[in-house]
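Next comes model-v9.cif, with mmCIF, C-alpha atoms and all ligand atoms.
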```cif
data_start
loop_
_atom_site.label_atom_id
_atom_site.label_comp_id
_atom_site.auth_asym_id
_atom_site.auth_seq_id
_atom_site.Cartn_x
_atom_site.Cartn_y
_atom_site.Cartn_z
CA MET J 1 3.82 40.71 -148.35
CA SER J 2 7.35 40.86 -146.97
CA ALA J 3 6.87 38.94 -143.77
CA ILE J 4 9.57 36.32 -143.23
CA ARG J 5 8.69 32.98 -141.71
CA LEU J 6 11.37 30.57 -140.52
CA GLU J 7 9.90 27.12 -139.88
CA HIS J 8 11.92 24.47 -138.03
CA LEU J 9 15.07 25.82 -139.61
CA VAL J 10 18.22 23.73 -139.00
CA LYS J 11 21.75 24.20 -140.33
CA GLN J 12 24.51 21.65 -140.11
CA PHE J 13 28.05 22.04 -141.34
CA GLY J 14 29.19 18.42 -141.56
CA ALA J 15 28.81 16.96 -138.08
CA PHE J 16 28.48 20.40 -136.47
CA THR J 17 25.03 21.85 -135.92
CA ALA J 18 25.25 25.65 -136.14
CA LEU J 19 21.48 26.16 -135.83
CA LYS J 20 19.61 23.55 -133.83
CA THR J 21 16.09 24.64 -134.69
CA MET J 22 14.58 28.02 -135.34
CA ASP J 23 10.94 29.03 -135.58
CA LEU J 24 10.48 32.74 -136.01
CA THR J 25 8.08 35.05 -137.81
CA ILE J 26 9.28 38.52 -138.73
CA GLU J 27 6.28 40.68 -139.58
CA ASP J 28 5.99 42.83 -142.68
CA GLY J 29 7.70 46.16 -141.94
CA GLU J 30 9.17 44.96 -138.67
CA PHE J 31 12.71 45.69 -137.46
CA MET J 32 13.94 42.42 -135.97
CA ALA J 33 17.34 42.12 -134.33
CA LEU J 34 19.07 38.72 -134.17
CA LEU J 35 21.14 39.13 -131.02
CA GLY J 36 23.62 36.81 -129.36
CA PRO J 37 27.28 36.13 -128.63
CA SER J 38 29.82 35.20 -131.29
CA GLY J 39 29.15 31.80 -132.83
CA CYS J 40 25.51 31.52 -131.73
CA GLY J 41 24.25 31.11 -135.31
CA LYS J 42 23.05 34.64 -136.15
CA SER J 43 24.95 34.99 -139.43
CA THR J 44 24.10 31.44 -140.43
CA THR J 45 20.41 32.27 -140.00
CA MET J 46 20.82 35.50 -141.93
CA ASN J 47 22.74 33.82 -144.75
CA MET J 48 19.92 31.32 -145.17
CA ILE J 49 17.34 34.13 -145.34
CA ALA J 50 19.49 35.84 -147.98
CA GLY J 51 19.87 32.65 -149.99
CA MET J 52 23.63 32.36 -149.50
CA GLU J 53 23.32 29.16 -147.47
CA ARG J 54 20.87 26.34 -147.96
CA PRO J 55 18.99 25.10 -144.86
CA SER J 56 19.69 21.50 -143.79
CA GLU J 57 16.07 21.24 -142.68
CA GLY J 58 13.03 23.47 -142.47
CA ARG J 59 11.53 26.19 -144.62
CA ILE J 60 11.90 29.91 -145.22
CA LEU J 61 8.85 31.76 -146.52
CA PHE J 62 8.60 35.36 -147.71
CA GLY J 63 4.90 36.02 -147.35
CA ASP J 64 3.40 32.74 -148.58
CA ARG J 65 6.23 32.01 -150.96
CA ASP J 66 8.64 29.19 -150.13
CA MET J 67 12.19 30.37 -150.86
CA ALA J 68 13.64 26.86 -151.39
CA GLY J 69 15.65 26.96 -154.59
CA VAL J 70 15.19 30.72 -155.12
CA PRO J 71 18.68 32.20 -155.68
CA MET J 72 19.87 35.25 -153.77
CA GLY J 73 19.50 37.60 -156.75
CA ARG J 74 15.82 36.71 -157.11
CA ARG J 75 14.82 37.10 -153.46
CA GLY J 76 14.46 40.89 -153.55
CA VAL J 77 16.65 41.37 -150.51
CA GLY J 78 19.19 44.10 -149.79
CA PHE J 79 22.21 42.89 -147.83
CA VAL J 80 24.85 44.91 -145.96
CA PHE J 81 27.78 43.15 -144.34
CA GLN J 82 30.18 44.01 -141.55
CA ASN J 83 32.87 44.81 -144.10
CA TYR J 84 31.65 47.43 -146.52
CA ALA J 85 31.70 46.23 -150.09
CA ILE J 86 31.94 49.22 -152.36
CA PHE J 87 33.71 50.13 -155.57
CA THR J 88 36.67 52.27 -154.59
CA HIS J 89 37.34 53.46 -158.17
CA MET J 90 33.88 55.07 -158.34
CA THR J 91 32.53 58.22 -156.74
CA VAL J 92 30.06 58.09 -153.87
CA ARG J 93 27.25 58.92 -156.33
CA GLN J 94 28.28 56.14 -158.72
CA ASN J 95 28.30 53.69 -155.85
CA LEU J 96 24.92 54.84 -154.60
CA ASP J 97 23.16 54.73 -157.94
CA TYR J 98 24.94 51.63 -159.25
CA GLY J 99 22.03 49.25 -158.78
CA LEU J 100 19.51 51.71 -160.25
CA ARG J 101 21.69 52.25 -163.31
CA MET J 102 22.20 48.52 -163.79
CA GLY J 103 18.44 48.11 -163.48
CA GLY J 104 17.95 50.62 -166.28
CA ARG J 105 15.81 53.02 -164.27
CA PRO J 106 14.97 56.38 -165.88
CA LYS J 107 17.57 59.13 -165.33
CA ALA J 108 15.25 61.43 -163.38
CA GLU J 109 14.25 58.63 -161.02
CA ILE J 110 17.88 57.64 -160.47
CA ALA J 111 18.75 61.25 -159.62
CA SER J 112 15.85 61.77 -157.20
CA ARG J 113 16.23 58.47 -155.38
CA THR J 114 19.99 58.92 -155.06
CA LYS J 115 19.51 62.44 -153.72
CA ALA J 116 16.93 61.26 -151.18
CA ILE J 117 19.17 58.51 -149.82
CA ALA J 118 22.24 60.77 -149.80
CA ASP J 119 20.31 63.38 -147.80
CA LEU J 120 19.06 60.79 -145.34
CA LEU J 121 22.55 59.37 -144.80
CA GLN J 122 24.29 62.76 -144.80
CA LEU J 123 26.28 61.98 -147.93
CA SER J 124 25.06 64.88 -150.07
CA ASP J 125 28.29 66.88 -149.76
CA LEU J 126 30.39 63.88 -150.73
CA LEU J 127 28.52 62.71 -153.84
CA ASP J 128 31.28 63.61 -156.28
CA ARG J 129 34.17 62.45 -154.12
CA PRO J 130 35.96 59.24 -155.16
CA ALA J 131 35.22 56.50 -152.66
CA GLN J 132 38.93 55.78 -152.40
CA GLY J 133 40.37 57.67 -149.46
CA LEU J 134 37.10 58.11 -147.57
CA SER J 135 37.01 56.89 -143.96
CA VAL J 136 35.64 53.49 -142.93
CA ASN J 137 32.71 55.30 -141.29
CA ILE J 138 31.72 57.00 -144.53
CA LEU J 139 32.32 53.90 -146.65
CA GLN J 140 29.99 51.86 -144.48
CA ARG J 141 27.39 54.61 -144.81
CA VAL J 142 27.81 54.43 -148.61
CA ALA J 143 27.40 50.63 -148.48
CA ILE J 144 24.16 51.00 -146.54
CA GLY J 145 22.96 53.69 -148.94
CA ARG J 146 23.81 51.59 -151.97
CA SER J 147 21.56 48.81 -150.76
CA ALA J 148 18.85 51.08 -149.34
CA VAL J 149 18.47 53.08 -152.57
CA MET J 150 17.10 49.94 -154.22
CA GLU J 151 14.27 50.08 -151.68
CA PRO J 152 14.31 46.33 -151.08
CA ALA J 153 11.22 45.03 -149.34
CA ILE J 154 13.56 43.02 -147.13
CA PHE J 155 16.74 44.57 -145.83
CA LEU J 156 19.33 42.35 -144.14
CA LEU J 157 22.18 43.89 -142.17
CA ASP J 158 24.91 41.74 -140.63
CA GLU J 159 26.86 43.66 -137.95
CA PRO J 160 27.04 46.75 -140.21
CA LEU J 161 28.36 49.00 -137.45
CA SER J 162 30.95 46.79 -135.79
CA ASN J 163 33.90 48.30 -137.68
CA VAL J 164 32.89 51.95 -137.32
CA ASP J 165 33.95 54.05 -134.35
CA ALA J 166 31.81 54.43 -131.25
CA ALA J 167 30.59 58.00 -131.77
CA PHE J 168 29.64 57.29 -135.36
CA ARG J 169 27.88 54.08 -134.32
CA ALA J 170 25.56 56.08 -132.09
CA VAL J 171 24.71 58.42 -134.99
CA MET J 172 24.17 55.52 -137.37
CA ARG J 173 21.80 53.77 -134.96
CA THR J 174 19.47 56.72 -135.21
CA GLU J 175 19.87 57.01 -138.97
CA LEU J 176 19.17 53.34 -139.61
CA LYS J 177 16.04 53.58 -137.52
CA HIS J 178 14.94 56.63 -139.57
CA LEU J 179 15.70 54.80 -142.78
CA GLN J 180 13.58 51.86 -141.77
CA ARG J 181 10.70 54.08 -140.57
CA GLN J 182 10.77 55.94 -143.87
CA PHE J 183 10.76 52.93 -146.18
CA ARG J 184 8.97 50.47 -143.86
CA GLN J 185 11.11 47.59 -145.07
CA THR J 186 11.19 44.36 -143.17
CA MET J 187 14.60 44.68 -141.56
CA VAL J 188 16.68 41.91 -140.04
CA TYR J 189 19.69 43.15 -138.15
CA VAL J 190 22.40 40.84 -136.82
CA THR J 191 24.36 42.10 -133.83
CA HIS J 192 26.16 40.91 -130.72
CA ASP J 193 25.67 44.36 -129.17
CA GLN J 194 22.62 44.40 -126.95
CA LEU J 195 22.54 48.20 -126.95
CA GLU J 196 22.15 48.26 -130.74
CA ALA J 197 19.35 45.74 -130.57
CA MET J 198 17.62 47.50 -127.67
CA THR J 199 17.76 50.95 -129.28
CA MET J 200 16.70 50.04 -132.81
CA ALA J 201 14.63 46.89 -132.96
CA ASP J 202 10.87 46.49 -132.72
CA ARG J 203 11.56 42.98 -131.46
CA ILE J 204 14.69 41.07 -130.55
CA ALA J 205 15.38 37.37 -131.13
CA VAL J 206 18.00 36.40 -128.55
CA MET J 207 20.12 33.39 -129.57
CA ASP J 208 22.72 31.22 -127.87
CA HIS J 209 24.50 28.09 -129.08
CA GLY J 210 22.27 27.72 -132.13
CA VAL J 211 19.07 27.95 -130.10
CA LEU J 212 16.53 30.76 -130.02
CA GLN J 213 16.23 31.75 -126.36
CA GLN J 214 13.50 34.42 -126.46
CA VAL J 215 11.69 36.70 -128.87
CA GLY J 216 10.17 39.90 -127.59
CA THR J 217 10.17 43.67 -127.61
CA PRO J 218 13.21 45.33 -126.06
CA LEU J 219 11.21 45.97 -122.90
CA GLN J 220 9.94 42.40 -122.72
CA VAL J 221 13.42 40.89 -122.91
CA TYR J 222 14.70 43.48 -120.44
CA ASN J 223 11.86 43.18 -117.94
CA ASP J 224 10.95 39.53 -118.28
CA PRO J 225 13.89 37.50 -119.52
CA ALA J 226 12.88 33.94 -120.37
CA ASN J 227 15.97 32.48 -118.72
CA THR J 228 19.24 33.30 -116.98
CA PHE J 229 21.12 33.59 -120.29
CA VAL J 230 18.84 36.39 -121.53
CA ALA J 231 18.84 37.99 -118.05
CA ARG J 232 22.65 38.24 -118.13
CA PHE J 233 23.01 39.10 -121.82
CA ILE J 234 20.51 41.97 -121.88
CA GLY J 235 21.45 45.07 -119.91
CA ALA J 236 24.80 46.68 -119.16
CA PRO J 237 25.59 45.43 -116.63
CA GLY J 238 23.38 42.35 -116.93
CA MET J 239 20.93 41.19 -114.29
CA ASN J 240 22.26 40.21 -110.84
CA LEU J 241 21.66 36.51 -110.25
CA LEU J 242 22.26 34.95 -106.86
CA LYS J 243 21.73 31.28 -106.16
CA GLY J 244 19.57 30.41 -103.16
CA ARG J 245 16.79 28.38 -101.58
CA PRO J 246 13.39 29.42 -100.27
CA VAL J 247 13.09 29.76 -96.48
CA GLU J 248 10.11 30.44 -94.24
CA THR J 249 10.59 33.59 -92.16
CA PRO J 250 8.11 35.10 -89.67
CA GLN J 251 7.13 37.66 -92.38
CA GLY J 252 6.75 35.10 -95.20
CA VAL J 253 8.85 33.24 -97.76
CA ALA J 254 12.25 34.71 -98.61
CA ILE J 255 15.34 33.36 -100.37
CA ASP J 256 18.36 32.26 -98.37
CA LEU J 257 21.27 33.55 -100.43
CA GLY J 258 24.05 32.07 -98.32
CA ALA J 259 26.85 34.56 -97.67
CA ALA J 260 24.77 37.39 -99.20
CA GLY J 261 22.12 36.95 -96.49
CA ILE J 262 18.36 36.50 -96.65
CA SER J 263 16.39 38.31 -99.36
CA PRO J 264 13.44 40.57 -98.65
CA VAL J 265 10.17 38.61 -98.37
CA LEU J 266 8.62 37.53 -101.69
CA PRO J 267 5.08 38.37 -102.74
CA PRO J 268 2.81 35.25 -102.59
CA PRO J 269 2.91 34.26 -106.33
CA GLN J 270 6.71 34.36 -106.32
CA ALA J 271 6.82 32.49 -103.02
CA ALA J 272 4.76 29.69 -104.57
CA ALA J 273 6.99 29.64 -107.66
CA ALA J 274 10.13 29.52 -105.50
CA ARG J 275 8.80 26.60 -103.45
CA SER J 276 8.14 24.64 -106.65
CA ALA J 277 11.77 24.83 -107.81
CA LYS J 278 13.36 21.63 -106.57
CA ALA J 279 16.93 22.59 -107.49
CA GLY J 280 16.63 25.99 -105.81
CA VAL J 281 16.42 29.35 -107.54
CA TYR J 282 18.40 32.21 -108.93
CA TYR J 283 17.25 35.41 -107.29
CA GLY J 284 17.52 38.13 -109.93
CA PHE J 285 17.25 41.89 -110.08
CA ARG J 286 18.61 44.55 -112.38
CA PRO J 287 21.51 46.71 -111.09
CA GLU J 288 19.53 49.85 -111.93
CA GLN J 289 16.50 48.60 -110.01
CA ALA J 290 18.06 48.49 -106.57
CA HIS J 291 18.62 50.92 -103.74
CA LEU J 292 20.86 51.16 -100.73
CA VAL J 293 19.06 50.48 -97.46
CA SER J 294 19.95 50.61 -93.78
CA ALA J 295 21.74 47.84 -91.90
CA GLY J 296 19.45 44.92 -91.10
CA GLN J 297 17.56 45.22 -94.42
CA GLY J 298 18.35 43.79 -97.86
CA LEU J 299 21.57 41.97 -98.71
CA ALA J 300 24.72 42.79 -96.77
CA LEU J 301 27.86 42.63 -98.95
CA PRO J 302 31.32 44.20 -98.94
CA VAL J 303 32.08 46.98 -101.42
CA THR J 304 34.68 45.63 -103.86
CA PHE J 305 34.85 48.39 -106.49
CA VAL J 306 33.25 51.67 -107.48
CA GLU J 307 33.15 52.15 -111.25
CA ARG J 308 32.48 55.75 -112.31
CA ILE J 309 30.91 55.72 -115.78
CA GLY J 310 30.16 59.41 -116.22
CA ALA J 311 26.56 60.19 -115.38
CA ARG J 312 26.28 57.16 -113.09
CA SER J 313 28.38 54.97 -110.84
CA ILE J 314 28.37 51.20 -110.72
CA LEU J 315 28.82 49.82 -107.22
CA HIS J 316 30.36 46.34 -107.19
CA LEU J 317 29.56 44.30 -104.10
CA GLY J 318 30.71 40.83 -103.02
CA ASN J 319 32.46 38.51 -105.45
CA GLY J 320 32.18 35.08 -107.03
CA ASP J 321 28.81 33.56 -106.14
CA THR J 322 27.77 36.66 -104.20
CA ALA J 323 28.76 39.29 -106.78
CA VAL J 324 26.10 41.97 -107.12
CA LYS J 325 26.14 45.30 -108.94
CA GLY J 326 24.08 48.40 -108.34
CA VAL J 327 23.83 51.45 -110.61
CA PHE J 328 23.50 54.70 -108.67
CA GLU J 329 23.78 58.44 -109.07
CA ASN J 330 27.26 59.94 -109.00
CA ASP J 331 26.88 61.33 -105.48
CA LEU J 332 27.25 57.75 -104.23
CA ARG J 333 29.68 57.52 -101.33
CA ALA J 334 31.21 54.10 -100.78
CA THR J 335 34.41 52.91 -99.17
CA LEU J 336 36.15 49.77 -100.37
CA GLY J 337 35.76 46.91 -97.91
CA GLU J 338 32.86 48.44 -95.94
CA THR J 339 29.58 46.54 -95.84
CA ALA J 340 26.81 47.95 -98.04
CA HIS J 341 23.14 46.98 -97.77
CA ILE J 342 21.32 46.66 -101.08
CA ALA J 343 17.73 45.70 -101.87
CA PRO J 344 15.82 45.42 -105.16
CA ILE J 345 13.01 47.94 -105.62
CA GLY J 346 9.41 46.77 -105.29
CA GLU J 347 8.53 44.77 -108.40
CA ALA J 348 12.07 44.20 -109.68
CA VAL J 349 12.74 40.69 -108.41
CA ARG J 350 12.81 37.89 -110.98
CA LEU J 351 13.23 34.23 -110.08
CA PHE J 352 14.73 31.49 -112.22
CA ASP J 353 14.93 27.74 -111.75
CA ALA J 354 18.50 26.98 -110.63
CA GLY J 355 18.37 23.66 -112.52
CA SER J 356 17.09 24.68 -115.95
CA GLY J 357 17.70 28.43 -115.78
CA ALA J 358 14.11 29.06 -116.96
CA ALA J 359 12.13 31.97 -115.56
CA LEU J 360 9.70 31.18 -112.77
CA ARG J 361 6.87 33.50 -113.69
CA GLY J 362 5.52 34.38 -110.29
CA HIS J 363 4.70 38.01 -110.82
P1 LIG J 401 29.80 35.78 -135.35
O1 LIG J 401 29.30 37.10 -134.89
O2 LIG J 401 31.09 35.38 -134.69
O3 LIG J 401 29.79 35.59 -136.84
P2 LIG J 401 27.39 34.22 -135.35
O4 LIG J 401 26.43 34.13 -134.25
O5 LIG J 401 26.99 35.02 -136.52
O6 LIG J 401 28.76 34.72 -134.76
P3 LIG J 401 27.71 32.07 -137.18
O7 LIG J 401 28.65 32.80 -138.09
O8 LIG J 401 26.32 31.87 -137.61
O9 LIG J 401 27.74 32.74 -135.75
O10 LIG J 401 28.37 30.66 -136.85
C1 LIG J 401 27.74 29.72 -136.00
C2 LIG J 401 28.65 28.55 -135.85
O11 LIG J 401 28.75 27.84 -137.10
C3 LIG J 401 30.07 28.91 -135.46
O12 LIG J 401 30.55 27.97 -134.54
C4 LIG J 401 30.82 28.83 -136.78
O13 LIG J 401 32.18 28.49 -136.55
C5 LIG J 401 30.10 27.73 -137.51
N1 LIG J 401 30.14 27.91 -138.97
C6 LIG J 401 29.69 28.97 -139.65
N2 LIG J 401 29.88 28.79 -140.98
C7 LIG J 401 30.49 27.59 -141.13
C8 LIG J 401 30.95 26.83 -142.26
N3 LIG J 401 30.81 27.27 -143.50
N4 LIG J 401 31.52 25.64 -141.98
C9 LIG J 401 31.66 25.17 -140.74
N5 LIG J 401 31.24 25.83 -139.63
C10 LIG J 401 30.67 27.02 -139.82
#
```
The structure in this file should be written as structure tokens.
Amino acid sequence: MSAIRLEHLVKQFGAFTALKTMDLTIEDGEFMALLGPSGCGKSTTMNMIAGMERPSEGRILFGDRDMAGVPMGRRGVGFVFQNYAIFTHMTVRQNLDYGLRMGGRPKAEIASRTKAIADLLQLSDLLDRPAQGLSVNILQRVAIGRSAVMEPAIFLLDEPLSNVDAAFRAVMRTELKHLQRQFRQTMVYVTHDQLEAMTMADRIAVMDHGVLQQVGTPLQVYNDPANTFVARFIGAPGMNLLKGRPVETPQGVAIDLGAAGISPVLPPPQAAAARSAKAGVYYGFRPEQAHLVSAGQGLALPVTFVERIGARSILHLGNGDTAVKGVFENDLRATLGETAHIAPIGEAVRLFDAGSGAALRGH
């Protein structure tokens, strides 16, 4: 069993608490992304799983086995870091099969496993090239291959793509997913890039300031963020969040959003949730789940910027507390300074408690 269980895990560096408490189970064969901004404790968590750091409190179990006191070399984990660590005086092949040779595997097995991993990572044509002089992109691919060829039951990757260029990163996302599907390792992948986490992971553990904020599938964290931090962090752009208070209108309960106007009427469960929030609410909706409506409907805000991003355009409305973005097709016509009317589509509205930031699950 290669499930990983983190139980009440805490890490302190002197007086500083890098990880406040972490309870997380990563299933056997699961691809789990640890996602969050710089300094949130992702690498610290990963280093404890690997055995490079000792937890201040709590337990780490692989299957039913407590890892306390088990050194890194005995944990059966493969580890790839942000900065590739390969032997530049060796060829690509010698780097790839290094671990197998050191482990004394039979020659035929070394050859077939090395060939399989080289094919998968598109390194077959480079096997006899010296590593020295190869690009960072290729070297990171070799580093991944060198760990993967050992077929570790647990594969830990800490920001492995952050130093490679953007086009290559997109290719590698697909390849890493293939690699994991093929070998069914339990994979833990540290990243601050929500797109990487969303495209590759089975589930995402979103972290901030040493605290686990939410664990869920990419769609769960996208559709139902547990709090305003996750709502903003997931998505590009993140979720629109406007502060307001519930008001009774002739059609039902809506949210008074101050300068942005009055929201469309809420369905009854959300209306009840909004009324219960004493500090008011954040009215949230995703920029890609909105449409432009006629005057008198939705939120009325001035156009502040139109960002053309290729296939789509991002319409920026309002600013400061009333800033809202909408993602639309490229045929969007908008004039700076004119008032646009925007409304979330049917089921897209999410409410959060303005005091705690926690989701008000009224849908
Ligand atoms: P990054 O992507 O920037 O590495 P991260 O989420 O992986 O971010 P960690 O590296 O886990 O963050 O660091 C979490 C916090 O713990 C940071 O504030 C960091 O400065 C601190 N920290 C990490 N290692 C040590 C250490 N050995 N001694 C003191 N503080 C540390």
Identify the residues within 10 Å of coordinate (8.9, 45.0, -106.1) (same frame as the file), considering only C-alpha atoms, and give the answer as a ChimeraX atom specification.
/J:264,266-267,285,289-290,343-350,363
Excluding same-chain residues fewer than 5 positions from Val92 of chain J, what lies within 10 Å of it counting all atoms listed in the file, as a list of chain:residue names?
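The neighbour list is J:Ile86, J:Phe87, J:Asp97, J:Tyr98, J:Ala118, J:Leu123, J:Ser124, J:Asp125, J:Leu126, J:Leu127, J:Asp128, J:Arg129, J:Pro130, J:Ala131, J:Gln132, J:Leu134, J:Ile138, J:Leu139, J:Val142, J:Ala143, J:Gly145, J:Arg146.
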Please identify the residues whose atoms come within 9 Å of ligand LIG 401 (chain J), using all atoms listed in the file, and report them as a VMD selection string.
chain J and resid 11 to 14 16 to 19 34 to 47 53 158 to 159 190 to 192 207 to 210
Quick one: write out the picked residues with C-alpha atoms as a PDB file, in the frame of the given file?
```
ATOM      1  CA  LYS J  11      21.750  24.200-140.330  1.00  0.00           C
ATOM      2  CA  GLN J  12      24.510  21.650-140.110  1.00  0.00           C
ATOM      3  CA  PHE J  13      28.050  22.040-141.340  1.00  0.00           C
ATOM      4  CA  GLY J  14      29.190  18.420-141.560  1.00  0.00           C
ATOM      5  CA  PHE J  16      28.480  20.400-136.470  1.00  0.00           C
ATOM      6  CA  THR J  17      25.030  21.850-135.920  1.00  0.00           C
ATOM      7  CA  ALA J  18      25.250  25.650-136.140  1.00  0.00           C
ATOM      8  CA  LEU J  19      21.480  26.160-135.830  1.00  0.00           C
ATOM      9  CA  LEU J  34      19.070  38.720-134.170  1.00  0.00           C
ATOM     10  CA  LEU J  35      21.140  39.130-131.020  1.00  0.00           C
ATOM     11  CA  GLY J  36      23.620  36.810-129.360  1.00  0.00           C
ATOM     12  CA  PRO J  37      27.280  36.130-128.630  1.00  0.00           C
ATOM     13  CA  SER J  38      29.820  35.200-131.290  1.00  0.00           C
ATOM     14  CA  GLY J  39      29.150  31.800-132.830  1.00  0.00           C
ATOM     15  CA  CYS J  40      25.510  31.520-131.730  1.00  0.00           C
ATOM     16  CA  GLY J  41      24.250  31.110-135.310  1.00  0.00           C
ATOM     17  CA  LYS J  42      23.050  34.640-136.150  1.00  0.00           C
ATOM     18  CA  SER J  43      24.950  34.990-139.430  1.00  0.00           C
ATOM     19  CA  THR J  44      24.100  31.440-140.430  1.00  0.00           C
ATOM     20  CA  THR J  45      20.410  32.270-140.000  1.00  0.00           C
ATOM     21  CA  MET J  46      20.820  35.500-141.930  1.00  0.00           C
ATOM     22  CA  ASN J  47      22.740  33.820-144.750  1.00  0.00           C
ATOM     23  CA  GLU J  53      23.320  29.160-147.470  1.00  0.00           C
ATOM     24  CA  ASP J 158      24.910  41.740-140.630  1.00  0.00           C
ATOM     25  CA  GLU J 159      26.860  43.660-137.950  1.00  0.00           C
ATOM     26  CA  VAL J 190      22.400  40.840-136.820  1.00  0.00           C
ATOM     27  CA  THR J 191      24.360  42.100-133.830  1.00  0.00           C
ATOM     28  CA  HIS J 192      26.160  40.910-130.720  1.00  0.00           C
ATOM     29  CA  MET J 207      20.120  33.390-129.570  1.00  0.00           C
ATOM     30  CA  ASP J 208      22.720  31.220-127.870  1.00  0.00           C
ATOM     31  CA  HIS J 209      24.500  28.090-129.080  1.00  0.00           C
ATOM     32  CA  GLY J 210      22.270  27.720-132.130  1.00  0.00           C
TER      33      GLY J 210
END
```
Which residues, written as an mmCIF file with C-alpha atoms, keeping the file's coordinate frame, have at least one atom at most 7 Å from segment 25-27 of chain J, with only C-alpha atoms counted and residues fewer than 5 positions away on the same chain left out?
```cif
data_model
loop_
_atom_site.group_PDB
_atom_site.id
_atom_site.type_symbol
_atom_site.label_atom_id
_atom_site.label_comp_id
_atom_site.auth_asym_id
_atom_site.auth_seq_id
_atom_site.Cartn_x
_atom_site.Cartn_y
_atom_site.Cartn_z
ATOM 1 C CA ALA J 3 6.870 38.940 -143.770
ATOM 2 C CA ILE J 4 9.570 36.320 -143.230
ATOM 3 C CA ARG J 5 8.690 32.980 -141.710
ATOM 4 C CA LEU J 6 11.370 30.570 -140.520
ATOM 5 C CA MET J 32 13.940 42.420 -135.970
#
```
For the atom pair atom CA of Pro225 of chain J and atom CA of Met200 of chain J, what is the interatomic distance in Å to one decimal place?
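Here the two named atoms are 18.5 Å from each other.
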Measuring atom to atom with all atoms listed in the file, identify which of J:Val253, J:Ala354, J:Ala272, J:Ala334 is nearest to Val306 of chain J.
J:Ala334
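The smallest atom-to-atom distance between Leu242 of chain J and any of J:Gly357, J:Gly310, J:Gly51, J:Pro152, using all atoms listed in the file, is found for J:Gly357.
Shortest separation to Thr304 of chain J among J:Val188, J:Leu332, J:Val327, J:Ala340 occurs at residue J:Ala340, atoms counted being only C-alpha atoms.
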Work out how far atom CA of His178 of chain J is from atom CA of Val136 of chain J, in Å to one decimal.
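Distance reported for this atom pair: 21.2 Å.
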How many Å separate atom CA of Ile342 of chain J from atom CA of Ala300 of chain J?
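Going from atom CA of Ile342 of chain J over to atom CA of Ala300 of chain J, I get 6.7 Å.
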In file coordinates, which residues lie within 7 Å of (10.4, 28.9, -138.6) using only C-alpha atoms, given as a ChimeraX atom specification?
/J:5-9,22-25,59-60
How close does each residue of segment 298-339 of chain J get to segment 273-283 of chain J, giving the shortest atom pair and distance in Å to one decimal for every residue with an atom at most 12 Å away, counting all atoms listed in the file, sorted by chain and residue number, as CSV?
```
residue,atom,partner,partner_atom,distance
J:Leu299,CA,J:Tyr283,CA,11.6
J:Asp321,CA,J:Tyr282,CA,10.9
J:Thr322,CA,J:Tyr283,CA,11.0
J:Val324,CA,J:Tyr283,CA,11.0
```
Met187 of chain J: which residues within 9 Å, counting only C-alpha atoms, same-chain residues fewer than 6 positions away excluded, as a PyMOL selection string?
chain J and resi 26+28-33+153-157+180+201
Can those selected residues be exported to a file as a PDB file, in the frame of the given file so that it contains C-alpha atoms?
```pdb
ATOM      1  CA  ILE J  26       9.280  38.520-138.730  1.00  0.00           C
ATOM      2  CA  ASP J  28       5.990  42.830-142.680  1.00  0.00           C
ATOM      3  CA  GLY J  29       7.700  46.160-141.940  1.00  0.00           C
ATOM      4  CA  GLU J  30       9.170  44.960-138.670  1.00  0.00           C
ATOM      5  CA  PHE J  31      12.710  45.690-137.460  1.00  0.00           C
ATOM      6  CA  MET J  32      13.940  42.420-135.970  1.00  0.00           C
ATOM      7  CA  ALA J  33      17.340  42.120-134.330  1.00  0.00           C
ATOM      8  CA  ALA J 153      11.220  45.030-149.340  1.00  0.00           C
ATOM      9  CA  ILE J 154      13.560  43.020-147.130  1.00  0.00           C
ATOM     10  CA  PHE J 155      16.740  44.570-145.830  1.00  0.00           C
ATOM     11  CA  LEU J 156      19.330  42.350-144.140  1.00  0.00           C
ATOM     12  CA  LEU J 157      22.180  43.890-142.170  1.00  0.00           C
ATOM     13  CA  GLN J 180      13.580  51.860-141.770  1.00  0.00           C
ATOM     14  CA  ALA J 201      14.630  46.890-132.960  1.00  0.00           C
TER      15      ALA J 201
END
```
Would it be fine to have segment 92-96 of chain J, with N, CA, C and O atoms, given as a PDB file, in the first residue's frame?
```pdb
ATOM      1  N   VAL J  92      23.074  10.965 -21.236  1.00  0.00           N
ATOM      2  CA  VAL J  92      21.668  10.894 -20.816  1.00  0.00           C
ATOM      3  C   VAL J  92      21.354   9.472 -20.350  1.00  0.00           C
ATOM      4  O   VAL J  92      20.747   9.262 -19.296  1.00  0.00           O
ATOM      5  N   ARG J  93      21.825   8.467 -21.111  1.00  0.00           N
ATOM      6  CA  ARG J  93      21.553   7.069 -20.738  1.00  0.00           C
ATOM      7  C   ARG J  93      22.141   6.743 -19.355  1.00  0.00           C
ATOM      8  O   ARG J  93      21.473   6.149 -18.514  1.00  0.00           O
ATOM      9  N   GLN J  94      23.391   7.183 -19.145  1.00  0.00           N
ATOM     10  CA  GLN J  94      24.038   6.875 -17.860  1.00  0.00           C
ATOM     11  C   GLN J  94      23.320   7.541 -16.688  1.00  0.00           C
ATOM     12  O   GLN J  94      23.269   7.011 -15.593  1.00  0.00           O
ATOM     13  N   ASN J  95      22.765   8.720 -16.962  1.00  0.00           N
ATOM     14  CA  ASN J  95      21.973   9.370 -15.918  1.00  0.00           C
ATOM     15  C   ASN J  95      20.684   8.589 -15.657  1.00  0.00           C
ATOM     16  O   ASN J  95      20.315   8.350 -14.514  1.00  0.00           O
ATOM     17  N   LEU J  96      20.035   8.204 -16.761  1.00  0.00           N
ATOM     18  CA  LEU J  96      18.743   7.524 -16.607  1.00  0.00           C
ATOM     19  C   LEU J  96      18.889   6.186 -15.885  1.00  0.00           C
ATOM     20  O   LEU J  96      18.073   5.837 -15.039  1.00  0.00           O
TER      21      LEU J  96
END
```
